[in-house]
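See below for input-v1.csv, which holds CSV, C-alpha atoms (C1' of nucleotides) and all ligand atoms.
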chain,number,residue,atom,x,y,z
A,1490,MET,CA,33.9,-22.4,-63.3
A,1491,LYS,CA,30.8,-22.6,-61.2
A,1492,LYS,CA,30.9,-25.0,-58.4
A,1493,LYS,CA,33.4,-24.3,-55.6
A,1494,LYS,CA,33.3,-26.6,-52.7
A,1495,LYS,CA,35.3,-27.5,-49.8
A,1496,ASN,CA,37.3,-30.4,-51.1
A,1497,GLU,CA,38.4,-28.3,-54.0
A,1498,ASN,CA,41.8,-28.1,-52.6
A,1499,SER,CA,42.2,-31.8,-52.4
A,1500,SER,CA,43.9,-33.8,-55.0
A,1501,LYS,CA,41.3,-34.8,-57.5
A,1502,ILE,CA,43.4,-34.2,-60.4
A,1503,PHE,CA,41.6,-36.7,-62.6
A,1504,GLU,CA,38.2,-35.5,-61.8
A,1505,TYR,CA,35.6,-34.2,-64.3
A,1506,HIS,CA,36.1,-30.9,-65.8
A,1507,ASP,CA,33.9,-28.9,-68.1
A,1508,HIS,CA,35.5,-29.9,-71.3
A,1509,GLY,CA,33.1,-28.0,-73.4
A,1510,ALA,CA,34.3,-24.8,-71.9
A,1511,CYS,CA,37.9,-26.0,-71.8
A,1512,PHE,CA,37.8,-26.7,-75.6
A,1513,GLY,CA,36.3,-23.3,-76.4
A,1514,ASP,CA,38.7,-21.5,-74.2
A,1515,ALA,CA,41.7,-23.3,-75.6
A,1516,ILE,CA,40.7,-22.4,-79.2
A,1517,THR,CA,40.2,-18.8,-78.2
A,1518,GLN,CA,43.5,-18.7,-76.4
A,1519,ILE,CA,45.5,-20.2,-79.3
A,1520,GLU,CA,43.8,-17.8,-81.8
A,1521,ASP,CA,44.6,-14.8,-79.6
A,1522,TYR,CA,48.1,-15.9,-79.1
A,1523,PHE,CA,48.8,-16.4,-82.8
A,1524,ILE,CA,47.4,-13.0,-83.7
A,1525,GLN,CA,49.3,-11.3,-81.0
A,1526,LYS,CA,52.6,-13.0,-82.0
A,1527,LYS,CA,51.8,-12.6,-85.7
A,1528,LEU,CA,51.9,-16.3,-86.3
A,1529,GLN,CA,49.8,-18.2,-88.8
A,1530,LEU,CA,47.2,-20.4,-87.4
A,1531,THR,CA,46.8,-22.3,-90.6
A,1532,PRO,CA,44.1,-24.9,-91.2
A,1533,LEU,CA,46.6,-27.7,-90.6
A,1534,ARG,CA,47.9,-26.3,-87.4
A,1535,ARG,CA,44.4,-25.6,-86.2
A,1536,LYS,CA,43.3,-29.1,-87.1
A,1537,VAL,CA,46.2,-30.7,-85.2
A,1538,PHE,CA,45.4,-28.6,-82.1
A,1539,GLU,CA,41.7,-29.4,-82.4
A,1540,ILE,CA,42.5,-33.1,-82.7
A,1541,LEU,CA,44.5,-32.9,-79.5
A,1542,ILE,CA,42.1,-30.8,-77.5
A,1543,GLU,CA,39.1,-32.7,-78.7
A,1544,ASP,CA,39.4,-35.6,-76.2
A,1545,HIS,CA,42.1,-33.9,-74.3
A,1546,LYS,CA,44.2,-37.0,-73.9
A,1547,PRO,CA,47.6,-38.0,-75.2
A,1548,LEU,CA,47.8,-39.1,-78.8
A,1549,GLY,CA,50.7,-40.7,-80.7
A,1550,ALA,CA,52.0,-38.9,-83.7
A,1551,TYR,CA,50.6,-41.6,-86.0
A,1552,ASP,CA,47.2,-41.4,-84.4
A,1553,ILE,CA,47.2,-37.8,-85.2
A,1554,LEU,CA,48.3,-38.5,-88.7
A,1555,ASP,CA,45.4,-40.9,-89.2
A,1556,LYS,CA,43.0,-38.2,-88.1
A,1557,LEU,CA,44.6,-35.7,-90.4
A,1558,GLY,CA,44.2,-38.2,-93.2
A,1559,GLU,CA,40.5,-38.6,-92.4
A,1560,ALA,CA,40.2,-34.9,-92.5
A,1561,GLY,CA,41.7,-34.6,-95.9
A,1562,PHE,CA,45.2,-33.5,-95.0
A,1563,SER,CA,48.4,-35.2,-95.9
A,1564,SER,CA,49.2,-38.0,-93.5
A,1565,SER,CA,52.9,-38.5,-94.0
A,1566,PRO,CA,54.9,-38.4,-90.8
A,1567,PRO,CA,56.8,-35.1,-91.2
A,1568,ILE,CA,53.5,-33.3,-91.5
A,1569,ALA,CA,52.5,-34.2,-87.9
A,1570,TYR,CA,55.9,-33.9,-86.4
A,1571,ARG,CA,56.5,-30.5,-87.8
A,1572,VAL,CA,53.3,-29.1,-86.6
A,1573,LEU,CA,53.6,-30.7,-83.2
A,1574,ASP,CA,57.1,-29.2,-82.8
A,1575,PHE,CA,55.7,-25.8,-83.7
A,1576,LEU,CA,52.8,-26.1,-81.2
A,1577,ILE,CA,55.2,-27.4,-78.5
A,1578,GLU,CA,57.5,-24.5,-79.1
A,1579,HIS,CA,54.7,-22.1,-78.5
A,1580,GLY,CA,53.5,-24.0,-75.4
A,1581,PHE,CA,50.2,-25.3,-76.7
A,1582,VAL,CA,51.2,-28.9,-76.8
A,1583,HIS,CA,53.4,-31.0,-74.6
A,1584,LYS,CA,55.1,-34.3,-75.3
A,1585,VAL,CA,54.5,-37.0,-72.7
A,1586,GLN,CA,57.8,-38.9,-72.9
A,1587,GLY,CA,56.7,-41.9,-71.0
A,1588,LEU,CA,54.0,-42.5,-73.6
A,1589,ASN,CA,55.6,-41.2,-76.8
A,1590,ALA,CA,52.5,-39.1,-77.1
A,1591,PHE,CA,51.4,-35.6,-77.4
A,1592,ILE,CA,48.8,-33.7,-75.4
A,1593,ALA,CA,47.2,-30.3,-75.5
A,1594,CYS,CA,48.4,-28.0,-72.8
A,1595,SER,CA,45.9,-27.5,-70.0
A,1596,ASN,CA,46.9,-24.0,-69.3
A,1597,PRO,CA,49.1,-22.3,-72.0
A,1598,LYS,CA,48.9,-19.0,-70.1
A,1599,HIS,CA,51.2,-20.3,-67.5
A,1600,SER,CA,54.8,-20.2,-68.4
A,1601,HIS,CA,55.4,-23.5,-66.8
A,1602,PHE,CA,57.4,-26.5,-66.0
A,1603,PRO,CA,54.5,-28.8,-66.0
A,1604,THR,CA,54.2,-32.1,-64.2
A,1605,PHE,CA,52.3,-35.0,-65.8
A,1606,VAL,CA,50.6,-37.5,-63.6
A,1607,ILE,CA,49.9,-40.7,-65.4
A,1608,CYS,CA,47.8,-43.6,-64.3
A,1609,ARG,CA,49.2,-46.8,-65.7
A,1610,LYS,CA,45.9,-48.6,-65.4
A,1611,CYS,CA,43.2,-46.2,-66.8
A,1612,GLU,CA,45.9,-44.3,-68.7
A,1613,LYS,CA,44.4,-41.0,-67.7
A,1614,VAL,CA,46.9,-38.2,-67.8
A,1615,ALA,CA,46.7,-35.0,-65.8
A,1616,GLU,CA,48.8,-31.9,-66.3
A,1617,VAL,CA,49.6,-30.3,-63.0
A,1618,SER,CA,51.1,-26.8,-62.8
A,1619,GLU,CA,54.3,-26.0,-61.1
A,1620,GLU,CA,52.6,-24.4,-58.1
A,1621,LYS,CA,50.0,-27.0,-57.6
A,1622,SER,CA,52.3,-30.0,-57.8
A,1623,GLY,CA,54.2,-28.7,-54.8
A,1624,LEU,CA,57.3,-29.6,-56.7
A,1625,ASN,CA,59.6,-26.7,-56.2
A,1626,LEU,CA,61.8,-26.8,-59.1
A,1627,PRO,CA,65.0,-25.0,-60.0
A,1628,SER,CA,66.9,-26.3,-57.0
A,1629,PRO,CA,69.3,-23.9,-55.3
A,1630,ARG,CA,71.7,-26.8,-55.4
A,1631,ILE,CA,71.7,-27.1,-59.1
A,1632,THR,CA,72.6,-23.4,-59.7
A,1633,ASN,CA,75.5,-24.2,-61.9
A,1634,PHE,CA,73.1,-25.2,-64.6
A,1635,LYS,CA,70.5,-23.2,-66.5
A,1636,ILE,CA,67.3,-25.2,-66.8
A,1637,GLU,CA,65.6,-24.6,-70.1
A,1638,LYS,CA,63.1,-27.4,-70.2
A,1639,THR,CA,61.9,-30.0,-67.8
A,1640,THR,CA,60.3,-33.4,-68.1
A,1641,ILE,CA,58.5,-34.4,-65.0
A,1642,GLU,CA,56.2,-37.4,-65.2
A,1643,LEU,CA,54.8,-39.2,-62.2
A,1644,THR,CA,53.5,-42.7,-63.1
A,1645,GLY,CA,51.5,-44.8,-60.8
A,1646,ILE,CA,47.9,-45.7,-60.1
A,1647,CYS,CA,45.0,-43.4,-59.3
A,1648,SER,CA,42.8,-44.0,-56.4
A,1649,THR,CA,39.9,-45.0,-58.6
A,1650,CYS,CA,41.9,-47.7,-60.2
A,1651,GLU,CA,43.6,-48.8,-57.0
A,1652,ASN,CA,40.3,-49.3,-55.4
A,1653,ALA,CA,39.1,-51.4,-58.3
A,1654,GLU,CA,42.3,-53.5,-58.3
A,1655,ILE,CA,42.0,-57.3,-57.7
A,1656,ARG,CA,43.8,-58.5,-54.7
B,1157,MET,CA,91.3,-31.1,-63.8
B,1158,LYS,CA,93.9,-28.7,-62.7
B,1159,LYS,CA,92.5,-25.3,-62.0
B,1160,LYS,CA,90.6,-24.9,-58.8
B,1161,LYS,CA,89.3,-21.5,-58.2
B,1162,LYS,CA,86.7,-19.6,-56.3
B,1163,ASN,CA,83.5,-20.8,-57.8
B,1164,GLU,CA,84.3,-24.3,-56.4
B,1165,ASN,CA,81.6,-24.3,-53.8
B,1166,SER,CA,78.8,-24.0,-56.3
B,1167,SER,CA,77.0,-26.9,-57.6
B,1168,LYS,CA,79.4,-28.8,-59.6
B,1169,ILE,CA,77.2,-31.7,-60.5
B,1170,PHE,CA,79.2,-32.4,-63.7
B,1171,GLU,CA,82.6,-32.3,-62.1
B,1172,TYR,CA,85.2,-34.9,-62.1
B,1173,HIS,CA,84.7,-37.9,-59.9
B,1174,ASP,CA,87.1,-40.8,-59.3
B,1175,HIS,CA,85.6,-43.1,-61.8
B,1176,GLY,CA,88.1,-45.8,-61.2
B,1177,ALA,CA,86.7,-46.1,-57.7
B,1178,CYS,CA,83.2,-45.6,-58.9
B,1179,PHE,CA,83.6,-48.5,-61.4
B,1180,GLY,CA,84.9,-50.8,-58.8
B,1181,ASP,CA,82.3,-49.9,-56.3
B,1182,ALA,CA,79.6,-50.4,-58.8
B,1183,ILE,CA,80.7,-53.8,-59.8
B,1184,THR,CA,81.0,-54.8,-56.1
B,1185,GLN,CA,77.6,-53.5,-55.4
B,1186,ILE,CA,75.9,-55.3,-58.2
B,1187,GLU,CA,77.7,-58.5,-57.3
B,1188,ASP,CA,76.6,-58.2,-53.7
B,1189,TYR,CA,73.1,-57.4,-54.6
B,1190,PHE,CA,72.7,-60.3,-56.9
B,1191,ILE,CA,74.1,-62.7,-54.4
B,1192,GLN,CA,71.9,-61.4,-51.7
B,1193,LYS,CA,68.8,-61.5,-53.9
B,1194,LYS,CA,69.8,-64.9,-55.3
B,1195,LEU,CA,69.8,-63.5,-58.8
B,1196,GLN,CA,72.1,-64.6,-61.6
B,1197,LEU,CA,74.7,-62.1,-62.6
B,1198,THR,CA,75.3,-63.9,-65.9
B,1199,PRO,CA,78.2,-63.0,-68.2
B,1200,LEU,CA,75.7,-61.2,-70.5
B,1201,ARG,CA,74.2,-59.1,-67.6
B,1202,ARG,CA,77.6,-58.4,-66.2
B,1203,LYS,CA,78.8,-57.3,-69.6
B,1204,VAL,CA,75.9,-54.9,-70.2
B,1205,PHE,CA,76.4,-53.3,-66.9
B,1206,GLU,CA,80.2,-53.0,-67.5
B,1207,ILE,CA,79.5,-51.4,-70.8
B,1208,LEU,CA,77.3,-48.8,-69.1
B,1209,ILE,CA,79.5,-48.2,-66.2
B,1210,GLU,CA,82.7,-48.1,-68.3
B,1211,ASP,CA,82.3,-44.5,-69.5
B,1212,HIS,CA,79.3,-43.8,-67.3
B,1213,LYS,CA,77.4,-42.0,-69.8
B,1214,PRO,CA,74.1,-42.7,-71.5
B,1215,LEU,CA,74.1,-45.2,-74.4
B,1216,GLY,CA,71.4,-46.1,-76.8
B,1217,ALA,CA,70.3,-49.7,-76.9
B,1218,TYR,CA,71.9,-50.2,-80.3
B,1219,ASP,CA,75.2,-48.8,-79.1
B,1220,ILE,CA,75.2,-51.4,-76.4
B,1221,LEU,CA,74.3,-54.0,-78.9
B,1222,ASP,CA,77.3,-53.1,-81.0
B,1223,LYS,CA,79.6,-53.4,-78.0
B,1224,LEU,CA,78.0,-56.7,-77.1
B,1225,GLY,CA,78.7,-57.9,-80.6
B,1226,GLU,CA,82.3,-56.8,-80.4
B,1227,ALA,CA,82.6,-58.8,-77.1
B,1228,GLY,CA,81.3,-61.9,-78.8
B,1229,PHE,CA,77.7,-61.9,-77.6
B,1230,SER,CA,74.7,-61.9,-79.7
B,1231,SER,CA,73.7,-58.5,-80.9
B,1232,SER,CA,70.1,-58.8,-81.8
B,1233,PRO,CA,67.9,-56.2,-80.3
B,1234,PRO,CA,65.9,-58.3,-77.8
B,1235,ILE,CA,69.2,-59.3,-76.1
B,1236,ALA,CA,69.9,-55.8,-75.0
B,1237,TYR,CA,66.4,-54.7,-74.2
B,1238,ARG,CA,65.8,-57.8,-72.0
B,1239,VAL,CA,68.9,-57.3,-70.0
B,1240,LEU,CA,68.3,-53.6,-69.7
B,1241,ASP,CA,64.8,-54.1,-68.5
B,1242,PHE,CA,66.2,-56.5,-65.9
B,1243,LEU,CA,68.9,-54.1,-64.7
B,1244,ILE,CA,66.4,-51.3,-64.6
B,1245,GLU,CA,64.0,-53.4,-62.6
B,1246,HIS,CA,66.7,-53.9,-60.0
B,1247,GLY,CA,67.8,-50.3,-60.0
B,1248,PHE,CA,71.2,-50.6,-61.5
B,1249,VAL,CA,70.3,-48.8,-64.7
B,1250,HIS,CA,68.0,-46.0,-65.6
B,1251,LYS,CA,66.5,-44.9,-68.8
B,1252,VAL,CA,67.0,-41.3,-69.8
B,1253,GLN,CA,63.8,-40.7,-71.7
B,1254,GLY,CA,64.8,-37.5,-73.3
B,1255,LEU,CA,67.7,-39.2,-75.0
B,1256,ASN,CA,66.2,-42.7,-75.6
B,1257,ALA,CA,69.3,-43.9,-73.8
B,1258,PHE,CA,70.4,-46.0,-70.8
B,1259,ILE,CA,72.7,-45.0,-68.0
B,1260,ALA,CA,74.2,-46.9,-65.1
B,1261,CYS,CA,72.8,-45.7,-61.8
B,1262,SER,CA,75.1,-43.5,-59.8
B,1263,ASN,CA,74.0,-44.8,-56.5
B,1264,PRO,CA,71.9,-48.0,-56.5
B,1265,LYS,CA,71.9,-48.1,-52.8
B,1266,HIS,CA,69.4,-45.3,-52.6
B,1267,SER,CA,65.9,-46.2,-53.1
B,1268,HIS,CA,65.3,-43.2,-55.3
B,1269,PHE,CA,63.3,-41.1,-57.6
B,1270,PRO,CA,66.4,-39.8,-59.4
B,1271,THR,CA,66.7,-36.5,-61.3
B,1272,PHE,CA,68.7,-36.3,-64.4
B,1273,VAL,CA,70.4,-33.1,-65.4
B,1274,ILE,CA,71.2,-33.0,-69.0
B,1275,CYS,CA,73.4,-30.5,-70.8
B,1276,ARG,CA,72.1,-30.1,-74.4
B,1277,LYS,CA,75.4,-28.9,-75.6
B,1278,CYS,CA,78.1,-31.2,-74.2
B,1279,GLU,CA,75.5,-33.9,-73.6
B,1280,LYS,CA,76.8,-34.6,-70.2
B,1281,VAL,CA,74.3,-36.2,-67.9
B,1282,ALA,CA,74.3,-36.1,-64.1
B,1283,GLU,CA,72.1,-38.2,-61.8
B,1284,VAL,CA,71.1,-36.2,-58.8
B,1285,SER,CA,69.5,-38.0,-55.8
B,1286,GLU,CA,66.2,-37.0,-54.4
B,1287,GLU,CA,67.6,-35.2,-51.5
B,1288,LYS,CA,70.3,-33.3,-53.4
B,1289,SER,CA,68.1,-32.1,-56.1
B,1290,GLY,CA,66.1,-30.1,-53.6
B,1291,LEU,CA,63.2,-31.4,-55.5
B,1292,ASN,CA,60.9,-32.8,-52.9
B,1293,LEU,CA,58.7,-35.2,-54.6
B,1294,PRO,CA,55.5,-36.9,-53.6
B,1295,SER,CA,53.5,-33.8,-53.2
B,1296,PRO,CA,50.9,-33.7,-50.4
B,1297,ARG,CA,48.6,-32.3,-53.0
B,1298,ILE,CA,48.7,-35.3,-55.3
B,1299,THR,CA,47.8,-37.7,-52.5
B,1300,ASN,CA,45.0,-39.2,-54.4
B,1301,PHE,CA,47.6,-40.9,-56.6
B,1302,LYS,CA,50.1,-43.5,-55.7
B,1303,ILE,CA,53.4,-42.7,-57.4
B,1304,GLU,CA,55.3,-45.8,-58.5
B,1305,LYS,CA,57.8,-44.4,-60.8
B,1306,THR,CA,59.1,-40.9,-61.7
B,1307,THR,CA,60.7,-39.4,-64.7
B,1308,ILE,CA,62.4,-36.2,-63.8
B,1309,GLU,CA,64.8,-34.7,-66.4
B,1310,LEU,CA,66.1,-31.2,-66.4
B,1311,THR,CA,67.5,-30.1,-69.7
B,1312,GLY,CA,69.5,-27.0,-70.3
B,1313,ILE,CA,73.0,-25.8,-70.4
B,1314,CYS,CA,75.8,-26.3,-68.0
B,1315,SER,CA,77.9,-23.3,-66.9
B,1316,THR,CA,81.0,-24.5,-68.8
B,1317,CYS,CA,79.1,-24.7,-72.0
B,1318,GLU,CA,77.2,-21.5,-71.3
B,1319,ASN,CA,80.5,-19.6,-70.8
B,1320,ALA,CA,81.8,-21.0,-74.1
B,1321,GLU,CA,78.7,-20.0,-76.1
B,1322,ILE,CA,78.9,-17.6,-78.9
B,1323,ARG,CA,76.8,-14.5,-78.6
C,228,DG,C1',62.6,-88.1,-66.3
C,229,DT,C1',59.0,-84.9,-66.6
C,230,DT,C1',57.9,-80.4,-65.3
C,231,DG,C1',58.6,-75.6,-64.6
C,232,DA,C1',61.5,-71.6,-64.2
C,233,DT,C1',65.0,-69.1,-66.2
C,234,DG,C1',68.3,-67.2,-69.5
C,235,DT,C1',69.8,-66.6,-74.2
C,236,DG,C1',69.3,-66.8,-79.2
C,237,DT,C1',66.9,-65.9,-83.7
C,238,DT,C1',63.7,-64.0,-87.1
C,239,DA,C1',60.5,-61.0,-88.2
C,240,DT,C1',58.0,-57.0,-87.5
C,241,DG,C1',56.1,-53.0,-85.3
C,242,DT,C1',56.5,-48.2,-83.8
C,243,DT,C1',58.4,-43.7,-83.6
C,244,DA,C1',61.0,-40.0,-85.8
C,245,DT,C1',64.0,-37.5,-89.2
C,246,DA,C1',66.7,-36.3,-93.6
C,247,DA,C1',66.5,-34.5,-97.9
C,248,DC,C1',64.4,-32.5,-101.4
C,249,DA,C1',60.3,-30.3,-104.0
C,250,DT,C1',56.5,-27.1,-104.5
C,251,DG,C1',53.5,-23.2,-103.6
C,252,DT,C1',52.5,-18.7,-101.9
C,253,DA,C1',53.0,-14.3,-100.0
C,254,DA,C1',55.7,-10.3,-98.5
C,255,DT,C1',60.0,-7.4,-99.4
C,256,DG,C1',62.2,-4.3,-101.8
C,257,DA,C1',65.9,-3.4,-105.6
D,1073,DT,C1',58.5,-6.2,-112.3
D,1074,DC,C1',60.9,-9.6,-111.0
D,1075,DA,C1',64.5,-11.5,-108.0
D,1076,DT,C1',65.0,-12.6,-103.1
D,1077,DT,C1',63.5,-14.3,-99.0
D,1078,DA,C1',60.6,-16.5,-95.6
D,1079,DC,C1',57.4,-19.7,-94.5
D,1080,DA,C1',54.2,-23.6,-94.8
D,1081,DT,C1',53.2,-27.9,-96.7
D,1082,DG,C1',54.0,-32.0,-99.4
D,1083,DT,C1',56.7,-36.4,-100.8
D,1084,DT,C1',59.9,-40.2,-100.6
D,1085,DA,C1',62.9,-42.7,-98.3
D,1086,DT,C1',65.2,-44.1,-94.4
D,1087,DA,C1',66.8,-44.0,-89.6
D,1088,DA,C1',66.3,-45.1,-84.9
D,1089,DC,C1',64.0,-47.4,-81.3
D,1090,DA,C1',61.4,-51.3,-79.5
D,1091,DT,C1',58.7,-55.8,-79.2
D,1092,DA,C1',56.3,-60.3,-80.6
D,1093,DA,C1',56.8,-64.9,-81.1
D,1094,DC,C1',59.1,-68.9,-81.1
D,1095,DA,C1',63.3,-72.0,-80.3
D,1096,DC,C1',66.5,-74.1,-77.4
D,1097,DA,C1',69.5,-75.0,-73.4
D,1098,DT,C1',70.2,-75.4,-68.4
D,1099,DC,C1',69.0,-76.6,-64.0
D,1100,DA,C1',66.4,-77.5,-59.9
D,1101,DA,C1',62.2,-79.7,-58.0
D,1102,DC,C1',59.0,-83.1,-57.7
A,1701,ZN,ZN,51.0,-27.1,-70.2
A,1702,ZN,ZN,43.4,-44.4,-63.2
A,1703,ZN,ZN,70.0,-44.2,-59.8
A,1704,ZN,ZN,77.7,-28.8,-70.8
Could I get this file's structure written as structure tokens?
Ligand SMILES: [Zn+2]
Ligand SMILES: [Zn+2]
Ligand SMILES: [Zn+2]
Ligand SMILES: [Zn+2]
Amino acid sequence: MKKKKKNENSSKIFEYHDHGACFGDAITQIEDYFIQKKLQLTPLRRKVFEILIEDHKPLGAYDILDKLGEAGFSSSPPIAYRVLDFLIEHGFVHKVQGLNAFIACSNPKHSHFPTFVICRKCEKVAEVSEEKSGLNLPSPRITNFKIEKTTIELTGICSTCENAEIR
Amino acid sequence: MKKKKKNENSSKIFEYHDHGACFGDAITQIEDYFIQKKLQLTPLRRKVFEILIEDHKPLGAYDILDKLGEAGFSSSPPIAYRVLDFLIEHGFVHKVQGLNAFIACSNPKHSHFPTFVICRKCEKVAEVSEEKSGLNLPSPRITNFKIEKTTIELTGICSTCENAEIR
DNA sequence: GTTGATGTGTTATGTTATAACATGTAATGA
DNA sequence: TCATTACATGTTATAACATAACACATCAAC
């Protein structure tokens, strides 16, 4: 986190971020969390998380399985699904329903109801936190219902792709 | 539905509605729309919509296929998926991503970004319109992105089920 | 009467996810 | 010490969801 400019507040949710730092932070965070919660960050679990944080984009379960195979782990479906469920449960991974894919959380520290913004053209996906999305959740008018989990996905086209679109 | 007590005024999004009327209205609406748009409301399309509006709950594509089969239509997968895509495109059906299921729209007149409220216990699903959900969408802070489609699903437990839950 | 658009049918296959059961390992604690 | 338990991983098989590709019929337009 170095450069802070004026247009920071604007909506460049797909813009460059320092993924080197992001990657390192993410690994540190998951390690700390697992220690603190007395959970086992096994080689398999670590590998799955690394695969997801590596490019930091959504991957299908079978893509992950392939990479697990390459890395010498078993690559039968339950392996991936179980670990993914576990990582989701602990907030380090989210499922992007619209893509049947899994993505490393961009900010596990937040206890969040994340919003995913998905460009249908370049297929970039951004996770936007509750506050930033301006999407004020648990509606006062749905009080008779206890929200446990949300799926909020906004699909469309990012400005870059829109500008590039043929007319 | 007999007992009406105090807690009436709260958000009874799962409450009884006059589905006889709902059903009739829905059929009329789709007929009108198809005429107006010069689309063909073929027997197959009508049947699929009727199946969905009948119980007005989410059905998987293969459930629909079974019912189509019973009604004398072909029941091979593409039949259902094609018609569902068509009905979705025209706003009469939505897909509930969290359930891999399809549900008749509760108010096709609204040009909407609907919210689905899903009880994980009784599996009831309510479609809440943009305004009612209190969920004010297209955030000013995501302006650099043109939203074309939204998936908003709130999963949790309804008050009825919560009260019935073992502790 | 050929062409193109549309709607349905069929076969086969692809993709995503889970059930059920087996094995290994480590901590617990009679 | 040796059951008991919890947990993590592995394996096989199958379930559930979805699409590709091609065939055929109808109908309106040219
Ligand atoms: Zn997140
Ligand atoms: Zn884009
Ligand atoms: Zn609707
Ligand atoms: Zn309920």
Compute the post-superposition RMSD of the C-alpha atoms of chain B relative to chain A, with atoms paired in order and the fit done by least squares.
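The RMSD between chain B and chain A over C-alpha atoms is 2.5 Å.
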Using atom CA of A:Phe1605 and atom CA of A:Ser1565 as the two end points, give the distance in Å to one decimal.
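Between these atoms lies a distance of 28.4 Å.
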Around ligand ZN 1703 (chain A), at most 10 Å away and counting all atoms listed in the file, which residues are there? Put them as a count of residues only, please.
24
So that I can check the surroundings of stretch 233-249 of chain C, please list as a ChimeraX atom specification every protein, DNA and RNA residue that reaches within 9 Å of it, counting only C-alpha atoms (C1' of nucleotides) and ignoring chain neighbours fewer than 3 positions away.
/A:1549-1551,1566-1567,1570,1589 /B:1198,1200,1230,1232,1235 /D:1082-1099
Taking only residues of chain A that have an atom at most 12 Å from an atom of ligand ZN 1704 (chain A), what is each one's shortest atom pair and its distance in Å to one decimal, using only C-alpha atoms and all ligand atoms, in chain and number order, as CSV?
residue,atom,partner,partner_atom,distance
A:Asn1633,CA,A:ZN1704,ZN,10.3
A:Phe1634,CA,A:ZN1704,ZN,8.5
A:Lys1635,CA,A:ZN1704,ZN,10.1
A:Ile1636,CA,A:ZN1704,ZN,11.7
Resulting file, chosen residues, C-alpha atoms, as an mmCIF file, in the frame of the given file:
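The file below, result.cif, is the result:
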data_model
loop_
_atom_site.group_PDB
_atom_site.id
_atom_site.type_symbol
_atom_site.label_atom_id
_atom_site.label_comp_id
_atom_site.auth_asym_id
_atom_site.auth_seq_id
_atom_site.Cartn_x
_atom_site.Cartn_y
_atom_site.Cartn_z
ATOM 1 C CA ASN A 1633 75.500 -24.200 -61.900
ATOM 2 C CA PHE A 1634 73.100 -25.200 -64.600
ATOM 3 C CA LYS A 1635 70.500 -23.200 -66.500
ATOM 4 C CA ILE A 1636 67.300 -25.200 -66.800
#
For atom CA of A:Cys1611 and atom CA of A:Lys1501, quote the distance in Å rounded to one decimal.
14.8 Å
